[in-house]
file coords_34.txt (compact mmCIF, C-alpha atoms)
# COMPACT_ATOMS: atom_id res chain seq x y z
CA MET K 809 93.35 106.90 86.28
CA VAL K 810 93.44 108.09 89.88
CA LYS K 811 94.76 111.65 90.06
CA VAL K 812 96.55 112.90 93.15
CA ALA K 813 96.61 116.60 93.88
CA ALA K 814 99.64 118.34 95.38
CA SER K 815 98.13 117.82 98.82
CA THR K 816 98.09 114.06 98.02
CA VAL K 817 94.26 114.06 98.16
CA PRO K 818 92.74 112.71 94.91
CA ALA K 819 91.17 115.39 92.68
CA GLN K 820 88.41 112.91 91.84
CA PRO K 821 86.54 110.73 94.34
CA LEU K 822 88.80 107.83 95.21
CA GLU K 823 87.75 104.54 93.60
CA THR K 824 87.97 101.78 96.17
CA ASP K 825 87.59 98.00 96.27
CA ARG K 826 88.60 97.58 92.62
CA TRP K 827 91.85 97.70 90.65
CA VAL K 828 92.52 101.02 88.92
CA LYS K 829 95.43 102.31 86.87
CA ALA K 830 97.93 104.33 88.90
CA SER K 831 101.61 105.17 89.04
CA TRP K 832 103.77 104.07 91.94
CA ASP K 833 103.98 107.71 93.14
CA GLU K 834 100.19 108.01 93.14
CA PHE K 835 99.91 104.76 95.08
CA ILE K 836 102.43 105.89 97.70
CA ALA K 837 100.79 109.32 98.08
CA ILE K 838 97.39 107.79 98.79
CA ALA K 839 98.66 104.88 100.90
CA ASP K 840 100.59 107.30 103.12
CA ASP K 841 97.77 109.86 103.37
CA PRO K 842 96.29 109.90 106.92
CA ALA K 843 92.84 110.39 105.37
CA TYR K 844 92.95 106.74 104.24
CA GLU K 845 94.57 105.31 107.34
CA GLY K 846 91.85 102.68 107.73
CA GLY K 847 92.35 101.26 104.25
CA ARG K 848 94.38 98.35 102.94
CA PHE K 849 96.57 98.95 99.92
CA TYR K 850 97.80 96.82 97.02
CA PHE K 851 99.87 97.69 93.94
CA ASP K 852 100.97 95.52 91.01
CA HIS K 853 101.69 96.03 87.31
CA GLY K 854 100.69 99.70 87.27
CA ARG K 855 97.42 99.13 89.06
CA MET K 856 96.37 99.72 92.64
CA ARG K 857 93.54 98.48 94.82
CA ILE K 858 92.39 100.21 98.00
CA GLU K 859 90.04 98.29 100.26
CA MET K 860 87.89 100.40 102.56
CA VAL K 861 84.98 98.02 103.26
CA PRO K 862 84.47 97.54 107.02
CA LEU K 863 85.36 94.06 108.24
CA GLY K 864 82.50 91.99 109.59
CA SER K 865 82.33 89.56 112.49
CA SER K 866 83.08 86.48 110.35
CA HIS K 867 86.30 87.99 109.03
CA SER K 868 87.28 89.26 112.46
CA GLN K 869 86.78 85.84 114.09
CA ASP K 870 88.44 83.72 111.39
CA ASP K 871 91.52 85.95 111.06
CA PRO K 872 92.90 85.38 114.60
CA LEU K 873 91.78 81.73 114.58
CA VAL K 874 93.81 80.91 111.48
CA ALA K 875 96.80 82.77 112.91
CA ARG K 876 96.44 80.78 116.14
CA VAL K 877 96.40 77.44 114.31
CA ILE K 878 99.64 78.39 112.55
CA SER K 879 101.39 79.72 115.66
CA LEU K 880 100.38 76.76 117.86
CA PHE K 881 101.52 74.27 115.21
CA ALA K 882 104.84 76.06 114.69
CA THR K 883 105.42 76.37 118.45
CA LEU K 884 104.82 72.70 119.21
CA LYS K 885 106.93 71.66 116.22
CA GLY K 886 109.81 73.82 117.42
CA LEU K 887 109.81 76.01 114.31
CA ARG K 888 111.31 79.48 114.35
CA PHE K 889 108.69 81.99 113.18
CA LYS K 890 107.46 85.58 113.34
CA GLU K 891 103.85 86.66 112.70
CA ILE K 892 103.06 89.95 110.94
CA SER K 893 99.41 91.00 111.31
CA ASN K 894 97.99 93.43 108.73
CA GLY K 895 101.48 94.68 107.91
CA SER K 896 102.40 96.64 104.78
CA PHE K 897 105.05 95.27 102.41
CA ARG K 898 106.56 97.27 99.55
CA LYS K 899 109.02 96.59 96.73
CA THR K 900 109.84 100.05 95.42
CA GLY K 901 108.26 100.93 92.10
CA GLU K 902 106.86 97.44 91.58
CA ARG K 903 104.54 96.00 94.21
CA GLY K 904 102.81 96.72 97.49
CA CYS K 905 100.50 94.62 99.63
CA GLN K 906 98.84 94.52 103.02
CA PRO K 907 97.75 90.93 103.70
CA ASP K 908 95.63 89.97 106.68
CA ILE K 909 98.34 87.67 108.05
CA ALA K 910 101.94 86.96 107.08
CA PHE K 911 104.50 84.64 108.63
CA TYR K 912 108.27 84.41 108.35
CA ILE K 913 109.14 80.76 109.05
CA GLY K 914 112.45 78.92 109.14
CA ALA K 915 115.76 78.57 110.91
CA GLU K 916 117.64 80.68 108.37
CA ILE K 917 114.94 83.30 107.76
CA ARG K 918 115.82 86.90 108.61
CA PHE K 919 112.93 88.68 110.36
CA PRO K 920 111.95 92.27 109.41
CA PRO K 921 113.33 94.96 111.73
CA ARG K 922 110.91 96.73 114.03
CA GLY K 923 109.74 100.18 112.94
CA ASP K 924 106.83 102.39 111.91
CA THR K 925 107.34 102.18 108.15
CA PRO K 926 106.25 99.48 105.66
CA ILE K 927 108.48 96.41 105.43
CA ASP K 928 111.03 97.07 102.69
CA LEU K 929 111.20 94.10 100.32
CA ASP K 930 114.22 95.67 98.61
CA THR K 931 116.26 94.84 101.70
CA ILE K 932 114.56 91.76 103.13
CA GLU K 933 112.95 88.72 101.55
CA PRO K 934 109.16 88.37 101.37
CA PRO K 935 107.29 86.37 104.01
CA SER K 936 107.17 82.58 103.83
CA LEU K 937 103.39 82.39 104.17
CA VAL K 938 100.69 84.94 103.36
CA VAL K 939 97.02 84.50 104.30
CA GLU K 940 94.10 86.56 102.99
CA ILE K 941 90.75 86.21 104.79
CA ALA K 942 88.06 86.58 102.11
CA SER K 943 84.53 87.58 102.95
CA THR K 944 83.77 90.05 100.12
CA THR K 945 87.06 89.76 98.22
CA LEU K 946 87.24 86.06 97.31
CA ALA K 947 87.51 86.43 93.52
CA ASP K 948 90.20 89.07 93.86
CA ASP K 949 92.15 87.08 96.44
CA LEU K 950 92.16 84.00 94.18
CA GLY K 951 92.97 86.05 91.07
CA PRO K 952 94.95 89.30 90.95
CA LYS K 953 96.37 89.01 94.47
CA ARG K 954 97.51 85.46 93.79
CA LEU K 955 99.49 86.81 90.82
CA LEU K 956 100.88 89.62 92.98
CA TYR K 957 102.18 87.13 95.58
CA GLU K 958 103.62 84.93 92.82
CA ARG K 959 105.61 87.91 91.54
CA LEU K 960 106.73 88.84 95.05
CA GLY K 961 108.13 85.35 95.60
CA VAL K 962 106.07 84.38 98.63
CA ALA K 963 106.60 80.64 99.28
CA GLU K 964 102.99 79.79 100.19
CA TYR K 965 99.65 81.60 99.92
CA TRP K 966 96.33 80.72 101.55
CA VAL K 967 92.90 82.15 100.75
CA VAL K 968 90.31 81.58 103.50
CA ASP K 969 86.70 81.67 102.30
CA VAL K 970 84.82 82.64 105.46
CA ASN K 971 81.43 82.04 103.84
CA GLY K 972 82.28 78.61 102.48
CA GLY K 973 84.47 77.55 105.40
CA SER K 974 87.21 76.39 103.04
CA ILE K 975 90.85 77.23 102.38
CA THR K 976 92.60 77.25 99.02
CA ALA K 977 96.34 76.91 99.60
CA PHE K 978 99.01 77.47 96.95
CA GLU K 979 102.67 76.57 96.83
CA ILE K 980 104.62 79.20 94.90
CA ALA K 981 107.90 78.42 93.15
CA ASP K 982 109.66 79.99 90.16
CA GLY K 983 106.90 82.58 89.81
CA ARG K 984 104.16 79.98 89.46
CA SER K 985 101.64 78.56 91.91
CA GLY K 986 99.85 75.26 92.36
CA GLU K 987 97.25 74.11 94.86
CA VAL K 988 98.37 71.96 97.80
CA ARG K 989 96.45 70.21 100.58
CA LYS K 990 99.39 70.02 102.97
CA SER K 991 101.50 72.99 103.91
CA LEU K 992 105.13 72.92 102.86
CA VAL K 993 106.37 75.83 104.99
CA LEU K 994 104.62 74.26 107.99
CA PRO K 995 105.79 70.70 107.33
CA GLU K 996 102.92 68.25 106.93
CA LEU K 997 100.21 70.49 108.38
CA PRO K 998 97.04 69.35 106.55
CA ILE K 999 94.92 72.22 105.27
CA ALA K 1000 91.93 70.10 106.35
CA VAL K 1001 92.96 70.60 109.98
CA VAL K 1002 92.78 74.38 109.59
CA GLU K 1003 89.38 74.05 107.93
CA GLU K 1004 88.16 71.86 110.79
CA ALA K 1005 89.36 74.50 113.27
CA LEU K 1006 87.30 77.09 111.38
CA ARG K 1007 84.21 74.86 111.57
CA ARG K 1008 84.71 74.28 115.29
CA GLY K 1009 85.20 78.01 115.77
CA GLN K 1010 81.69 78.64 114.47
CA ARG K 1011 80.10 76.65 117.29
CA GLU K 1012 82.67 76.54 120.13
CA ASP K 1013 84.57 79.12 122.13
CA ASP K 1014 88.26 79.83 121.51
CA GLY K 1015 89.43 77.92 124.57
CA VAL K 1016 87.75 74.71 123.42
CA VAL K 1017 89.24 75.06 119.93
CA ASN K 1018 92.69 75.81 121.36
CA ARG K 1019 92.62 72.72 123.56
CA TRP K 1020 91.56 70.56 120.62
CA LEU K 1021 94.46 71.94 118.56
CA LEU K 1022 96.98 71.47 121.37
CA ASP K 1023 95.93 67.86 121.87
CA LEU K 1024 96.03 67.18 118.13
CA PHE K 1025 99.41 68.77 117.51
CA ALA K 1026 101.01 67.41 120.69
CA ALA K 1027 100.10 63.86 119.66
CA ASP K 1028 102.33 64.23 116.59
CA VAL K 1029 105.37 65.71 118.38

call {"tool": "encode", "arguments": {"input": "coords_34.txt", "output": "structure tokens"}}
result
Amino acid sequence: MVKVAASTVPAQPLETDRWVKASWDEFIAIADDPAYEGGRFYFDHGRMRIEMVPLGSSHSQDDPLVARVISLFATLKGLRFKEISNGSFRKTGERGCQPDIAFYIGAEIRFPPRGDTPIDLDTIEPPSLVVEIASTTLADDLGPKRLLYERLGVAEYWVVDVNGGSITAFEIADGRSGEVRKSLVLPELPIAVVEEALRRGQREDDGVVNRWLLDLFAADV
């Protein structure tokens, strides 16, 4: 188990990039410690995971591209939405996460208030869509994190495999998830379109990909 000294610095070397047993208080102490400011933090069922691996070029290119596909589609479809990039979400004593991308989508959705603290899921509902960009974390993103987002009540969860150029998308309802090939929170957006954007992004500049997306989405308005 990870032990946290009074100074909040672990007495033992901090185990990263794997799930370890921890209490909620230990998780909060480490997640809020400036020494680990560059990390990403997850907590579920008495276990925490801290990711400290530097992000490579593939991850850093695919992350904004996927977010752009979603925002362009939502904009042209007239959907109300708010993007949260690398934000922290916490449900006190139960769960914490820091996904690569999250979106609140819908006419009736209440957006999180602005501030410098993690988004409090005790007072606001979880995001409609969560996206994890997987370069070295694919198995974890498809496994334990999928269960975490099921328990949080996220409506839809995507895992982007940057090495395989594919996306596994899940609809989540009643604490269970099932794979879908068309988004439900982004009505009728085929997951294949997002995958094609990723393929084009490997060989074309962002402007070319954006224009292709705008033409494609505008044709369906």

call {"tool": "residues_around", "arguments": {"input": "coords_34.txt", "residues": "stretch 985-990 of chain K", "least_positions_apart": "4", "cutoff": "10 Å", "atoms": "only C-alpha atoms", "output": "list of chain:residue names"}}
result
K:Arg954, K:Leu955, K:Tyr957, K:Glu958, K:Val962, K:Ala963, K:Glu964, K:Tyr965, K:Trp966, K:Ile975, K:Thr976, K:Ala977, K:Phe978, K:Glu979, K:Ile980, K:Ala981, K:Leu994, K:Pro995, K:Glu996, K:Leu997, K:Pro998, K:Ile999, K:Ala1000, K:Val1001

call {"tool": "closest_residue", "arguments": {"input": "coords_34.txt", "among": "K:Val993, K:Met856, K:Ala910, K:Ala1026", "to": "K:Asp871", "atoms": "only C-alpha atoms"}}
result
K:Ala910

call {"tool": "closest_residue", "arguments": {"input": "coords_34.txt", "among": "K:Ser865, K:Ser936, K:Thr900, K:Gln906", "to": "K:Asp833", "atoms": "all atoms listed in the file"}}
result
K:Thr900

call {"tool": "atom_distance", "arguments": {"input": "coords_34.txt", "atom1": "atom CA of K:Leu946", "atom2": "atom CA of K:Asp969"}}
result
6.7 Å

call {"tool": "atom_distance", "arguments": {"input": "coords_34.txt", "atom1": "atom CA of K:Trp1020", "atom2": "atom CA of K:Ser943"}}
result
25.5 Å
